[in-house]
Amino acid sequence: MDKFNELFEQINKHLDCTYQNWLFGAGISYQSNIPLMYPMTEKIEKELGESSLDTFTKVKEFLPASSHIEHYLSHIGDLLALLDRSQKFEITMNGIKYEYSSLFTLYKDIIGIIGDLVRFGYKDSEDLKGDINSPIVEIGYHQEFVKKLFNRRSNLESITRVNFFTTNYDTLLEDALAIEKKTVVDGFTGGAMGFWNPDEFNIEFKPGVYKVYKLHGSIDWYKDEEKGLIRCRYGTKYLSDNSNLLIYPQATKYVETQKDPFAFLFSKFRDSLQIARDNILVTCGYSFGDNHINNEIEMAMSLPNNKTNLIIFIKEPWDETKEESNLPAIITQWLDNRIFKDRVFILTDKGIYSGSSELITDSDEDKVLDWWTFEGVTNLLD
């Protein structure tokens with residue numbers, strides 16, 4: 001057996017591990033007609049009103065060209081926090097004047113547009129946008145993943161512990177789990193309407209019960225000054241303002257209070273990796289653009305006696321002229337990390353990396369490696 005197939009068999013065995021953590025990013029929802037960050041950013045810019053667009057343009061001038069909407073939200077949040085602390089109504093930076101009221105209006109407008117794009121769908125290749133009467137979001141890919149994941153574990157589900165972490169705002173993962181008759185614990189107490197109660201995550205392990213941690217919030221999370229954080233049905237008159245969605249942990253005073261859900265969610269992510277027993281962290285659709293998440297992974301992997309195996313499914317940008325990979329820098333660093341590099345496995349459309357930055361390719365040059373996609377990972381589980 002050649003090295004490629006040996007590595008594949010090793011990875012396949014890890015995917016049967018009893019303790020599993022899955023980390024998902026925007027890439028898993030793209031085929032479901034929820035846009036990636038850059039197309040979403042372009043669509044938001046087109047949909048902003050004249051006043052907010054003017055403020056958006058000022059923010060855009062300050063940030064690198066590679067920035068997407070979450071970078072904009074972070075910068076807006078920093079400016080709002082600075083103005084709030086200084087108790088001023090405007091600030092000038094690099095010759096650009098920002099006003100508190102226009103920044104806050106821009107923030108609310110962006111959140112509202114994101115809510116509609118994620119809830120109803122947007123297909124950027126056709127500039128096709130769903131609405132409340134004609135949503136275009138599909139759940140089939142997520143359902144298939146849930147089926148395949150648990151069919152693979154059908155004889156062991158009674159002892160298998162799987163946690164799901166996601167940076168996505170959509171509800172496709174928890175919806176798919178529920179449709180496939182899995183009980184979802186998401187940190188809320190209640191039914192269709194629920195209130196934030198992190199004690200829910202302390203539930204004792206039971207077969208068929210799975211925890212979903214939404215690290216960047218959700219399109220059905222609403223912040224209420226009096227009631228706190230509410231998970232809400234869409235379309236209710238009493239909680240109908242999209243700008244009150246709690247998505248992305250920036251640009252809001254909410255995260256500065258004891259009610260902050262994000263600090264708690266990240267602590268649970270940290271705890272899930274800082275264990276001394278065999279377990280895996282599998283990433284799919286995640287581009288490693290969140291330094292907070294990356295740092296948590298690296299710190300956990302570096303701990304003495306940590307036994308986490310990191311399995312990353314990702315498309316590999318390839319520089320044809322230099323014939324070299326343009327993998328995210330953090331992944332390259334991990335492949336060279338003397339402490340845990342032997343527990344890092346990167347599966348790309350080009351081949352497999354493990355323990356070094358040397359790419360191991362398949363001897364079958366005609367084989368198409370699509371396991372970097374959500375559908376490809378699903379098929380691999382099968």
# chains A, B, ... in the order shown; residues from 1 in each chain; ligands from 1
call {"tool": "closest_atom_pairs", "arguments": {"of": "stretch 6-111 of chain A", "to": "stretch 356-377 of chain A", "cutoff": "9 Å", "atoms": "only C-alpha atoms", "output": "CSV"}}
result
residue,atom,partner,partner_atom,distance
A:Leu7,CA,A:Ile360,CA,8.9
A:Gly27,CA,A:Phe374,CA,7.4
A:Ile28,CA,A:Phe374,CA,5.1
A:Ser29,CA,A:Phe374,CA,8.2
A:Gln31,CA,A:Phe374,CA,8.6
call {"tool": "write_last_selection", "arguments": {"atoms": "N, CA and C atoms", "output": "mmCIF file, in the first residue's frame"}}
result
data_model
loop_
_atom_site.group_PDB
_atom_site.id
_atom_site.type_symbol
_atom_site.label_atom_id
_atom_site.label_comp_id
_atom_site.auth_asym_id
_atom_site.auth_seq_id
_atom_site.Cartn_x
_atom_site.Cartn_y
_atom_site.Cartn_z
ATOM 1 N N LEU A 7 -2.162 6.847 4.579
ATOM 2 C CA LEU A 7 -2.670 8.011 5.295
ATOM 3 C C LEU A 7 -4.193 8.036 5.277
ATOM 4 N N GLY A 27 -18.550 27.537 3.948
ATOM 5 C CA GLY A 27 -18.464 26.684 2.759
ATOM 6 C C GLY A 27 -19.481 25.558 2.729
ATOM 7 N N ILE A 28 -19.957 25.094 3.903
ATOM 8 C CA ILE A 28 -20.880 23.953 3.885
ATOM 9 C C ILE A 28 -22.291 24.367 3.464
ATOM 10 N N SER A 29 -22.577 25.661 3.470
ATOM 11 C CA SER A 29 -23.927 26.114 3.124
ATOM 12 C C SER A 29 -23.996 26.742 1.740
ATOM 13 N N GLN A 31 -23.703 25.423 -1.322
ATOM 14 C CA GLN A 31 -24.563 24.702 -2.259
ATOM 15 C C GLN A 31 -26.031 24.780 -1.857
#
call {"tool": "select_by_dssp", "arguments": {"residues": "stretch 38-148 of chain A", "states": "alpha helix (DSSP H)", "output": "PyMOL selection string"}}
result
chain A and resi 38-47+50-62+69-86+100-120+140-148
call {"tool": "closest_residue", "arguments": {"among": "A:Phe150, A:Phe340, A:Tyr222, A:Phe165", "to": "A:Pro207", "atoms": "only C-alpha atoms"}}
result
A:Phe150
call {"tool": "atom_distance", "arguments": {"atom1": "atom CA of A:Ser302", "atom2": "atom CA of A:Ser354"}}
result
16.5 Å
call {"tool": "residues_around", "arguments": {"residues": "A:Lys211", "least_positions_apart": "3", "cutoff": "8 Å", "atoms": "only C-alpha atoms", "output": "mmCIF file with N, CA and C atoms, in the first residue's frame"}}
result
data_model
loop_
_atom_site.group_PDB
_atom_site.id
_atom_site.type_symbol
_atom_site.label_atom_id
_atom_site.label_comp_id
_atom_site.auth_asym_id
_atom_site.auth_seq_id
_atom_site.Cartn_x
_atom_site.Cartn_y
_atom_site.Cartn_z
ATOM 1 N N VAL A 162 -20.716 13.458 19.948
ATOM 2 C CA VAL A 162 -20.402 14.360 18.842
ATOM 3 C C VAL A 162 -20.879 15.763 19.198
ATOM 4 N N ASN A 163 -19.976 16.727 19.113
ATOM 5 C CA ASN A 163 -20.311 18.141 19.289
ATOM 6 C C ASN A 163 -20.179 18.840 17.943
ATOM 7 N N PHE A 164 -21.075 19.763 17.682
ATOM 8 C CA PHE A 164 -21.024 20.538 16.444
ATOM 9 C C PHE A 164 -20.791 22.008 16.782
ATOM 10 N N VAL A 184 -31.583 18.279 19.574
ATOM 11 C CA VAL A 184 -30.578 19.342 19.484
ATOM 12 C C VAL A 184 -30.578 20.169 20.765
ATOM 13 N N VAL A 185 -29.398 20.326 21.347
ATOM 14 C CA VAL A 185 -29.209 21.221 22.491
ATOM 15 C C VAL A 185 -28.435 22.433 21.976
ATOM 16 N N ASP A 186 -29.055 23.621 22.028
ATOM 17 C CA ASP A 186 -28.427 24.816 21.453
ATOM 18 C C ASP A 186 -28.243 25.947 22.448
ATOM 19 N N PHE A 201 -26.470 23.278 28.204
ATOM 20 C CA PHE A 201 -25.322 22.524 27.698
ATOM 21 C C PHE A 201 -24.746 21.570 28.743
#
call {"tool": "residues_around", "arguments": {"residues": "A:Asp271", "least_positions_apart": "3", "cutoff": "12 Å", "atoms": "only C-alpha atoms", "output": "list in words"}}
result
Asn21, Asn163, Phe264, Leu265, Phe266, Ser267, Lys268, Gln274, Ile275, Ala276, Glu296, Ile297, Met299, Ala300, Met301, Asn306 and Thr308 of chain A
call {"tool": "select_by_dssp", "arguments": {"residues": "stretch 52-117 of chain A", "states": "strand (DSSP E or B)", "output": "list of chain:residue names"}}
result
A:Glu90, A:Ile91, A:Thr92, A:Met93, A:Ile96, A:Lys97, A:Tyr98, A:Glu99
call {"tool": "write_last_selection", "arguments": {"atoms": "N, CA and C atoms", "output": "PDB file, in the first residue's frame"}}
result
ATOM      1  N   GLU A  90     -18.525  62.011  17.203  1.00  0.00           N
ATOM      2  CA  GLU A  90     -17.822  61.802  15.943  1.00  0.00           C
ATOM      3  C   GLU A  90     -16.331  61.677  16.208  1.00  0.00           C
ATOM      4  N   ILE A  91     -15.641  61.070  15.243  1.00  0.00           N
ATOM      5  CA  ILE A  91     -14.197  60.885  15.369  1.00  0.00           C
ATOM      6  C   ILE A  91     -13.584  60.955  13.978  1.00  0.00           C
ATOM      7  N   THR A  92     -12.357  61.493  13.894  1.00  0.00           N
ATOM      8  CA  THR A  92     -11.659  61.584  12.610  1.00  0.00           C
ATOM      9  C   THR A  92     -10.415  60.702  12.663  1.00  0.00           C
ATOM     10  N   MET A  93     -10.310  59.779  11.705  1.00  0.00           N
ATOM     11  CA  MET A  93      -9.165  58.869  11.617  1.00  0.00           C
ATOM     12  C   MET A  93      -8.655  58.861  10.184  1.00  0.00           C
ATOM     13  N   ILE A  96     -10.599  60.781   7.753  1.00  0.00           N
ATOM     14  CA  ILE A  96     -11.985  60.386   7.497  1.00  0.00           C
ATOM     15  C   ILE A  96     -12.798  60.590   8.770  1.00  0.00           C
ATOM     16  N   LYS A  97     -13.916  61.335   8.646  1.00  0.00           N
ATOM     17  CA  LYS A  97     -14.759  61.604   9.807  1.00  0.00           C
ATOM     18  C   LYS A  97     -15.895  60.592   9.883  1.00  0.00           C
ATOM     19  N   TYR A  98     -16.050  60.003  11.084  1.00  0.00           N
ATOM     20  CA  TYR A  98     -17.127  59.043  11.322  1.00  0.00           C
ATOM     21  C   TYR A  98     -18.047  59.602  12.406  1.00  0.00           C
ATOM     22  N   GLU A  99     -19.342  59.459  12.192  1.00  0.00           N
ATOM     23  CA  GLU A  99     -20.318  59.878  13.181  1.00  0.00           C
ATOM     24  C   GLU A  99     -20.956  58.651  13.822  1.00  0.00           C
TER      25      GLU A  99
END
call {"tool": "residues_around", "arguments": {"residues": "A:Ser102", "least_positions_apart": "4", "cutoff": "8 Å", "atoms": "only C-alpha atoms", "output": "mmCIF file with C-alpha atoms, in the first residue's frame"}}
result
data_model
loop_
_atom_site.group_PDB
_atom_site.id
_atom_site.type_symbol
_atom_site.label_atom_id
_atom_site.label_comp_id
_atom_site.auth_asym_id
_atom_site.auth_seq_id
_atom_site.Cartn_x
_atom_site.Cartn_y
_atom_site.Cartn_z
ATOM 1 C CA SER A 51 -26.906 57.335 3.585
ATOM 2 C CA SER A 52 -25.545 53.998 4.868
ATOM 3 C CA THR A 55 -20.667 55.508 5.588
ATOM 4 C CA TYR A 98 -17.127 59.043 11.322
ATOM 5 C CA LEU A 106 -24.986 51.213 9.065
#
call {"tool": "residues_around", "arguments": {"residues": "A:Asn12", "least_positions_apart": "5", "cutoff": "10 Å", "atoms": "only C-alpha atoms", "output": "PyMOL selection string"}}
result
chain A and resi 6-7+17+380-381
call {"tool": "write_last_selection", "arguments": {"atoms": "N, CA and C atoms", "output": "mmCIF file, in the first residue's frame"}}
result
data_model
loop_
_atom_site.group_PDB
_atom_site.id
_atom_site.type_symbol
_atom_site.label_atom_id
_atom_site.label_comp_id
_atom_site.auth_asym_id
_atom_site.auth_seq_id
_atom_site.Cartn_x
_atom_site.Cartn_y
_atom_site.Cartn_z
ATOM 1 N N GLU A 6 -2.138 4.696 2.783
ATOM 2 C CA GLU A 6 -1.883 4.455 4.201
ATOM 3 C C GLU A 6 -2.423 5.608 5.052
ATOM 4 N N LEU A 7 -2.162 6.847 4.579
ATOM 5 C CA LEU A 7 -2.670 8.011 5.295
ATOM 6 C C LEU A 7 -4.193 8.036 5.277
ATOM 7 N N CYS A 17 -13.649 7.658 15.592
ATOM 8 C CA CYS A 17 -13.356 7.954 16.994
ATOM 9 C C CYS A 17 -14.648 8.161 17.780
ATOM 10 N N LEU A 380 -17.508 10.699 1.657
ATOM 11 C CA LEU A 380 -16.396 9.996 2.311
ATOM 12 C C LEU A 380 -16.890 9.226 3.534
ATOM 13 N N LEU A 381 -17.797 9.827 4.284
ATOM 14 C CA LEU A 381 -18.346 9.166 5.459
ATOM 15 C C LEU A 381 -19.117 7.900 5.089
#
call {"tool": "residues_around", "arguments": {"residues": "A:Ile331", "least_positions_apart": "4", "cutoff": "9 Å", "atoms": "only C-alpha atoms", "output": "short mmCIF file (atom, residue, chain, number, x, y, z; two decimals) with N, CA and C atoms, in the first residue's frame"}}
result
data_model
loop_
_atom_site.label_atom_id
_atom_site.label_comp_id
_atom_site.auth_asym_id
_atom_site.auth_seq_id
_atom_site.Cartn_x
_atom_site.Cartn_y
_atom_site.Cartn_z
N PHE A 288 -10.32 29.31 7.96
CA PHE A 288 -9.31 29.71 8.95
C PHE A 288 -9.06 31.22 8.96
N LEU A 327 -1.87 27.39 0.89
CA LEU A 327 -2.72 27.08 2.03
C LEU A 327 -2.66 28.22 3.04
N LEU A 335 1.59 22.35 10.32
CA LEU A 335 2.25 21.21 9.69
C LEU A 335 3.73 21.14 10.06
N ASP A 336 4.28 22.26 10.50
CA ASP A 336 5.69 22.32 10.90
C ASP A 336 5.86 22.40 12.42
N ILE A 346 -4.35 17.15 6.61
CA ILE A 346 -4.99 18.11 5.71
C ILE A 346 -5.37 17.39 4.43
#
call {"tool": "atom_distance", "arguments": {"atom1": "atom CA of A:Arg233", "atom2": "atom CA of A:Met193"}}
result
6.3 Å
call {"tool": "atom_distance", "arguments": {"atom1": "atom CA of A:Ile314", "atom2": "atom CA of A:Asp349"}}
result
7.6 Å
call {"tool": "closest_residue", "arguments": {"among": "A:Ile330, A:Leu215, A:Phe145, A:Phe195", "to": "A:Ala176", "atoms": "only C-alpha atoms"}}
result
A:Phe145
call {"tool": "closest_residue", "arguments": {"among": "A:Ser272, A:Thr189, A:Asn168, A:Asn202", "to": "A:Ile219", "atoms": "only C-alpha atoms"}}
result
A:Asn168
